[in-house]
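Novice: Once you've had a glance at the structure underneath, I'll fire off some questions.
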Amino acid sequence: MPQKKIGFTIGKFAPLHKGHQYLIETAMREMDEFIIIIYETDKISIPIEQRAKWIKDLYPEVKIINAYNPPKKHGLDKESVEIQMEYLLQYIKPYRVTHFYSSEQYGEKVAKYMKIIDRRVDSQRIKFPISATHIRSELEKYKENLPENVYKDCKKHLD
């Protein structure tokens, strides 16, 4: 019997947008199971639980894990990667993941460290040329990139 394909991704989803949705939907088509680890962040005042609810409402079949107090050290250098991977492993270790989904350069580091497949989705941002940073800075300009419930929450918190 072939090994079950279990993919996962990480992110702040601050806020959840069409680029995130494209990645999630791609993974759901390709994997038997998909796990989303949502990081706590101070980039947006919307709590992690609400950001998790956005995803769960749209994709009830995914497993969501809320990750609190992530390390402050970021980067692709060896020390930063080690710190981030130790943190991430405490959440993902119980699962027999086979693929890591991302649109970011760090995808290679995560996949290599965990000895799984690095699956990049729209890393050049061609299909969805958007970022959460743009949305947070100009909500009205980019609102068409957000699901309606996400837009409503952002409108309350970002104005």
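If you're wondering about the labels, chains in the structure tokens are A, B, ... by order shown, residues count from 1 in each chain, ligands from 1 in order shown.
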Give me, as a list in words, all polymer residues having an atom no more than 7 Å from Arg119 (chain A), counting only C-alpha atoms and skipping those fewer than 3 positions away in the same chain.
Specialist: His99, Phe100, Tyr101 and Ser102 of chain A
Novice: With N, CA and C atoms retained, could you export that selection as a PDB file, in the first residue's frame?
Specialist:
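The resulting file, selection.pdb, is reproduced below:
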ATOM      1  N   HIS A  99       5.214  16.205   2.542  1.00  0.00           N
ATOM      2  CA  HIS A  99       5.395  17.362   1.669  1.00  0.00           C
ATOM      3  C   HIS A  99       5.250  18.657   2.481  1.00  0.00           C
ATOM      4  N   PHE A 100       6.063  19.649   2.101  1.00  0.00           N
ATOM      5  CA  PHE A 100       5.921  20.983   2.679  1.00  0.00           C
ATOM      6  C   PHE A 100       5.517  21.935   1.567  1.00  0.00           C
ATOM      7  N   TYR A 101       4.414  22.622   1.753  1.00  0.00           N
ATOM      8  CA  TYR A 101       3.887  23.569   0.767  1.00  0.00           C
ATOM      9  C   TYR A 101       4.199  24.998   1.188  1.00  0.00           C
ATOM     10  N   SER A 102       4.719  25.767   0.240  1.00  0.00           N
ATOM     11  CA  SER A 102       4.944  27.186   0.480  1.00  0.00           C
ATOM     12  C   SER A 102       5.124  27.901  -0.847  1.00  0.00           C
TER      13      SER A 102
END
Novice: Residues of region 11-119 of chain A that approach region 152-157 of chain A to 8 Å or less, counting only C-alpha atoms: could you list each one with the shortest pair of atoms and its distance in Å to one decimal, rows by chain and increasing residue number, as CSV?
Specialist:
residue,atom,partner,partner_atom,distance
A:Pro15,CA,A:Cys154,CA,7.6
A:Ser45,CA,A:His157,CA,6.4
A:Ile46,CA,A:His157,CA,6.8
Novice: I need the residues of region 49-130 of chain A that end up classed as alpha helix (DSSP H) by DSSP on the backbone, written out as an mmCIF file with N, CA and C atoms, in the first residue's frame.
Specialist:
data_model
loop_
_atom_site.group_PDB
_atom_site.id
_atom_site.type_symbol
_atom_site.label_atom_id
_atom_site.label_comp_id
_atom_site.auth_asym_id
_atom_site.auth_seq_id
_atom_site.Cartn_x
_atom_site.Cartn_y
_atom_site.Cartn_z
ATOM 1 N N GLU A 49 -6.926 32.739 16.799
ATOM 2 C CA GLU A 49 -8.131 31.913 16.770
ATOM 3 C C GLU A 49 -9.096 32.358 15.667
ATOM 4 N N GLN A 50 -9.190 33.658 15.457
ATOM 5 C CA GLN A 50 -10.066 34.177 14.393
ATOM 6 C C GLN A 50 -9.465 33.870 13.022
ATOM 7 N N ARG A 51 -8.158 34.003 12.894
ATOM 8 C CA ARG A 51 -7.501 33.683 11.619
ATOM 9 C C ARG A 51 -7.650 32.191 11.302
ATOM 10 N N ALA A 52 -7.603 31.352 12.330
ATOM 11 C CA ALA A 52 -7.829 29.910 12.144
ATOM 12 C C ALA A 52 -9.265 29.651 11.704
ATOM 13 N N LYS A 53 -10.200 30.384 12.269
ATOM 14 C CA LYS A 53 -11.614 30.214 11.912
ATOM 15 C C LYS A 53 -11.859 30.558 10.446
ATOM 16 N N TRP A 54 -11.188 31.592 9.933
ATOM 17 C CA TRP A 54 -11.339 31.938 8.517
ATOM 18 C C TRP A 54 -11.048 30.709 7.652
ATOM 19 N N ILE A 55 -9.938 30.064 7.972
ATOM 20 C CA ILE A 55 -9.507 28.912 7.172
ATOM 21 C C ILE A 55 -10.454 27.740 7.373
ATOM 22 N N LYS A 56 -10.806 27.451 8.610
ATOM 23 C CA LYS A 56 -11.674 26.312 8.909
ATOM 24 C C LYS A 56 -13.054 26.479 8.273
ATOM 25 N N ASP A 57 -13.563 27.709 8.241
ATOM 26 C CA ASP A 57 -14.864 27.957 7.607
ATOM 27 C C ASP A 57 -14.810 27.647 6.106
ATOM 28 N N LEU A 58 -13.706 27.974 5.465
ATOM 29 C CA LEU A 58 -13.561 27.742 4.026
ATOM 30 C C LEU A 58 -13.127 26.313 3.693
ATOM 31 N N LYS A 78 22.018 29.284 8.987
ATOM 32 C CA LYS A 78 21.959 28.003 9.707
ATOM 33 C C LYS A 78 21.338 28.141 11.107
ATOM 34 N N GLU A 79 21.767 29.140 11.869
ATOM 35 C CA GLU A 79 21.263 29.314 13.232
ATOM 36 C C GLU A 79 19.753 29.609 13.242
ATOM 37 N N SER A 80 19.309 30.513 12.378
ATOM 38 C CA SER A 80 17.879 30.860 12.317
ATOM 39 C C SER A 80 17.044 29.654 11.909
ATOM 40 N N VAL A 81 17.531 28.910 10.931
ATOM 41 C CA VAL A 81 16.802 27.732 10.472
ATOM 42 C C VAL A 81 16.687 26.712 11.600
ATOM 43 N N GLU A 82 17.767 26.482 12.325
ATOM 44 C CA GLU A 82 17.742 25.534 13.456
ATOM 45 C C GLU A 82 16.706 25.952 14.498
ATOM 46 N N ILE A 83 16.696 27.223 14.851
ATOM 47 C CA ILE A 83 15.761 27.740 15.855
ATOM 48 C C ILE A 83 14.323 27.555 15.364
ATOM 49 N N GLN A 84 14.082 27.928 14.119
ATOM 50 C CA GLN A 84 12.739 27.808 13.562
ATOM 51 C C GLN A 84 12.303 26.348 13.462
ATOM 52 N N MET A 85 13.208 25.479 13.055
ATOM 53 C CA MET A 85 12.856 24.061 12.889
ATOM 54 C C MET A 85 12.574 23.384 14.232
ATOM 55 N N GLU A 86 13.339 23.717 15.252
ATOM 56 C CA GLU A 86 13.074 23.161 16.587
ATOM 57 C C GLU A 86 11.680 23.568 17.060
ATOM 58 N N TYR A 87 11.330 24.814 16.807
ATOM 59 C CA TYR A 87 10.003 25.308 17.180
ATOM 60 C C TYR A 87 8.924 24.574 16.381
ATOM 61 N N LEU A 88 9.096 24.506 15.079
ATOM 62 C CA LEU A 88 8.111 23.885 14.204
ATOM 63 C C LEU A 88 7.921 22.404 14.513
ATOM 64 N N LEU A 89 8.996 21.712 14.809
ATOM 65 C CA LEU A 89 8.913 20.271 15.071
ATOM 66 C C LEU A 89 8.024 19.930 16.259
ATOM 67 N N GLN A 90 7.956 20.808 17.244
ATOM 68 C CA GLN A 90 7.093 20.506 18.388
ATOM 69 C C GLN A 90 5.628 20.402 17.971
ATOM 70 N N TYR A 91 5.261 21.045 16.870
ATOM 71 C CA TYR A 91 3.880 20.998 16.392
ATOM 72 C C TYR A 91 3.647 19.902 15.349
ATOM 73 N N ILE A 92 4.630 19.657 14.500
ATOM 74 C CA ILE A 92 4.417 18.765 13.362
ATOM 75 C C ILE A 92 4.936 17.343 13.595
ATOM 76 N N TYR A 106 12.123 29.800 2.011
ATOM 77 C CA TYR A 106 12.394 28.935 3.165
ATOM 78 C C TYR A 106 11.826 27.531 2.993
ATOM 79 N N GLY A 107 10.965 27.328 2.011
ATOM 80 C CA GLY A 107 10.398 26.010 1.761
ATOM 81 C C GLY A 107 11.469 24.950 1.562
ATOM 82 N N GLU A 108 12.504 25.326 0.860
ATOM 83 C CA GLU A 108 13.618 24.404 0.617
ATOM 84 C C GLU A 108 14.278 23.992 1.926
ATOM 85 N N LYS A 109 14.470 24.951 2.826
ATOM 86 C CA LYS A 109 15.119 24.685 4.114
ATOM 87 C C LYS A 109 14.259 23.764 4.985
ATOM 88 N N VAL A 110 12.960 24.052 5.038
ATOM 89 C CA VAL A 110 12.051 23.231 5.847
ATOM 90 C C VAL A 110 12.036 21.800 5.325
ATOM 91 N N ALA A 111 11.850 21.662 4.020
ATOM 92 C CA ALA A 111 11.762 20.327 3.424
ATOM 93 C C ALA A 111 13.067 19.547 3.600
ATOM 94 N N LYS A 112 14.188 20.201 3.400
ATOM 95 C CA LYS A 112 15.478 19.529 3.539
ATOM 96 C C LYS A 112 15.698 19.086 4.986
ATOM 97 N N TYR A 113 15.416 19.960 5.918
ATOM 98 C CA TYR A 113 15.594 19.662 7.337
ATOM 99 C C TYR A 113 14.737 18.463 7.752
ATOM 100 N N MET A 114 13.510 18.418 7.232
ATOM 101 C CA MET A 114 12.574 17.368 7.619
ATOM 102 C C MET A 114 12.646 16.135 6.705
#
Novice: Would you give me, as a ChimeraX atom specification, the residues in chain A that DSSP reads as strand (DSSP E)?
Specialist: /A:6-11,33-39,63-67,99-102,117-120
Novice: Just write the chosen residues, N, CA and C atoms, as a PDB file, in the first residue's frame.
Specialist:
ATOM      1  N   ILE A   6       0.816  13.324   3.169  1.00  0.00           N
ATOM      2  CA  ILE A   6       0.374  14.319   4.146  1.00  0.00           C
ATOM      3  C   ILE A   6       1.231  15.566   3.971  1.00  0.00           C
ATOM      4  N   GLY A   7       0.589  16.640   3.592  1.00  0.00           N
ATOM      5  CA  GLY A   7       1.287  17.900   3.398  1.00  0.00           C
ATOM      6  C   GLY A   7       0.982  18.876   4.503  1.00  0.00           C
ATOM      7  N   PHE A   8       1.856  19.871   4.609  1.00  0.00           N
ATOM      8  CA  PHE A   8       1.574  20.940   5.575  1.00  0.00           C
ATOM      9  C   PHE A   8       2.171  22.244   5.097  1.00  0.00           C
ATOM     10  N   THR A   9       1.680  23.313   5.676  1.00  0.00           N
ATOM     11  CA  THR A   9       2.219  24.643   5.434  1.00  0.00           C
ATOM     12  C   THR A   9       2.212  25.405   6.749  1.00  0.00           C
ATOM     13  N   ILE A  10       2.934  26.506   6.756  1.00  0.00           N
ATOM     14  CA  ILE A  10       2.961  27.393   7.913  1.00  0.00           C
ATOM     15  C   ILE A  10       2.670  28.814   7.429  1.00  0.00           C
ATOM     16  N   GLY A  11       2.168  29.629   8.318  1.00  0.00           N
ATOM     17  CA  GLY A  11       1.946  31.017   7.948  1.00  0.00           C
ATOM     18  C   GLY A  11       1.244  31.778   9.045  1.00  0.00           C
ATOM     19  N   GLU A  33      -4.053  14.266   3.109  1.00  0.00           N
ATOM     20  CA  GLU A  33      -4.364  15.124   4.267  1.00  0.00           C
ATOM     21  C   GLU A  33      -3.531  16.383   4.148  1.00  0.00           C
ATOM     22  N   PHE A  34      -4.062  17.473   4.723  1.00  0.00           N
ATOM     23  CA  PHE A  34      -3.313  18.725   4.717  1.00  0.00           C
ATOM     24  C   PHE A  34      -3.439  19.399   6.071  1.00  0.00           C
ATOM     25  N   ILE A  35      -2.301  19.873   6.576  1.00  0.00           N
ATOM     26  CA  ILE A  35      -2.218  20.506   7.896  1.00  0.00           C
ATOM     27  C   ILE A  35      -1.735  21.941   7.708  1.00  0.00           C
ATOM     28  N   ILE A  36      -2.365  22.859   8.406  1.00  0.00           N
ATOM     29  CA  ILE A  36      -1.967  24.268   8.365  1.00  0.00           C
ATOM     30  C   ILE A  36      -1.579  24.687   9.776  1.00  0.00           C
ATOM     31  N   ILE A  37      -0.344  25.149   9.907  1.00  0.00           N
ATOM     32  CA  ILE A  37       0.135  25.675  11.193  1.00  0.00           C
ATOM     33  C   ILE A  37       0.102  27.195  11.103  1.00  0.00           C
ATOM     34  N   ILE A  38      -0.701  27.793  11.965  1.00  0.00           N
ATOM     35  CA  ILE A  38      -0.864  29.251  11.975  1.00  0.00           C
ATOM     36  C   ILE A  38      -0.037  29.832  13.112  1.00  0.00           C
ATOM     37  N   TYR A  39       0.842  30.755  12.747  1.00  0.00           N
ATOM     38  CA  TYR A  39       1.714  31.394  13.729  1.00  0.00           C
ATOM     39  C   TYR A  39       1.049  32.619  14.330  1.00  0.00           C
ATOM     40  N   LYS A  63      -6.606  20.170   8.764  1.00  0.00           N
ATOM     41  CA  LYS A  63      -6.280  20.197  10.193  1.00  0.00           C
ATOM     42  C   LYS A  63      -5.550  21.507  10.452  1.00  0.00           C
ATOM     43  N   ILE A  64      -5.982  22.226  11.460  1.00  0.00           N
ATOM     44  CA  ILE A  64      -5.359  23.504  11.805  1.00  0.00           C
ATOM     45  C   ILE A  64      -4.712  23.393  13.171  1.00  0.00           C
ATOM     46  N   ILE A  65      -3.483  23.864  13.257  1.00  0.00           N
ATOM     47  CA  ILE A  65      -2.747  23.899  14.522  1.00  0.00           C
ATOM     48  C   ILE A  65      -2.342  25.347  14.773  1.00  0.00           C
ATOM     49  N   ASN A  66      -2.717  25.879  15.918  1.00  0.00           N
ATOM     50  CA  ASN A  66      -2.306  27.228  16.305  1.00  0.00           C
ATOM     51  C   ASN A  66      -0.953  27.154  16.998  1.00  0.00           C
ATOM     52  N   ALA A  67      -0.003  27.933  16.511  1.00  0.00           N
ATOM     53  CA  ALA A  67       1.358  27.939  17.053  1.00  0.00           C
ATOM     54  C   ALA A  67       1.602  29.268  17.775  1.00  0.00           C
ATOM     55  N   HIS A  99       5.214  16.205   2.542  1.00  0.00           N
ATOM     56  CA  HIS A  99       5.395  17.362   1.669  1.00  0.00           C
ATOM     57  C   HIS A  99       5.250  18.657   2.481  1.00  0.00           C
ATOM     58  N   PHE A 100       6.063  19.649   2.101  1.00  0.00           N
ATOM     59  CA  PHE A 100       5.921  20.983   2.679  1.00  0.00           C
ATOM     60  C   PHE A 100       5.517  21.935   1.567  1.00  0.00           C
ATOM     61  N   TYR A 101       4.414  22.622   1.753  1.00  0.00           N
ATOM     62  CA  TYR A 101       3.887  23.569   0.767  1.00  0.00           C
ATOM     63  C   TYR A 101       4.199  24.998   1.188  1.00  0.00           C
ATOM     64  N   SER A 102       4.719  25.767   0.240  1.00  0.00           N
ATOM     65  CA  SER A 102       4.944  27.186   0.480  1.00  0.00           C
ATOM     66  C   SER A 102       5.124  27.901  -0.847  1.00  0.00           C
ATOM     67  N   ILE A 117       9.356  16.378   0.766  1.00  0.00           N
ATOM     68  CA  ILE A 117       9.311  17.039  -0.543  1.00  0.00           C
ATOM     69  C   ILE A 117       8.947  18.514  -0.385  1.00  0.00           C
ATOM     70  N   ASP A 118       9.729  19.358  -1.043  1.00  0.00           N
ATOM     71  CA  ASP A 118       9.488  20.802  -1.088  1.00  0.00           C
ATOM     72  C   ASP A 118       8.546  21.067  -2.259  1.00  0.00           C
ATOM     73  N   ARG A 119       7.353  21.515  -1.968  1.00  0.00           N
ATOM     74  CA  ARG A 119       6.362  21.789  -3.025  1.00  0.00           C
ATOM     75  C   ARG A 119       6.059  23.277  -3.040  1.00  0.00           C
ATOM     76  N   ARG A 120       6.634  23.979  -4.011  1.00  0.00           N
ATOM     77  CA  ARG A 120       6.398  25.423  -4.142  1.00  0.00           C
ATOM     78  C   ARG A 120       5.166  25.670  -4.997  1.00  0.00           C
TER      79      ARG A 120
END
Novice: Which of these, A:Thr26, A:Gln21, A:Ser103, A:Thr133, has the shortest distance to Pro147 (chain A) once you count only C-alpha atoms?
Specialist: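 Among A:Thr26, A:Gln21, A:Ser103, A:Thr133, it is A:Gln21 that comes nearest to Pro147 (chain A).
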Novice: In Å, rounded to a single decimal, give me how far CA of Asp32 (chain A) is from CA of Pro60 (chain A).
Specialist: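 Atom-to-atom, CA of Pro60 (chain A) and CA of Asp32 (chain A) are spaced 14.2 Å apart.
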Novice: Counting only C-alpha atoms, which of A:Phe128, A:Leu16, A:Glu30, A:Pro70 gets nearest to Thr98 (chain A)?
Specialist: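 Once distances to Thr98 (chain A) are computed over only C-alpha atoms, the minimum belongs to A:Glu30.
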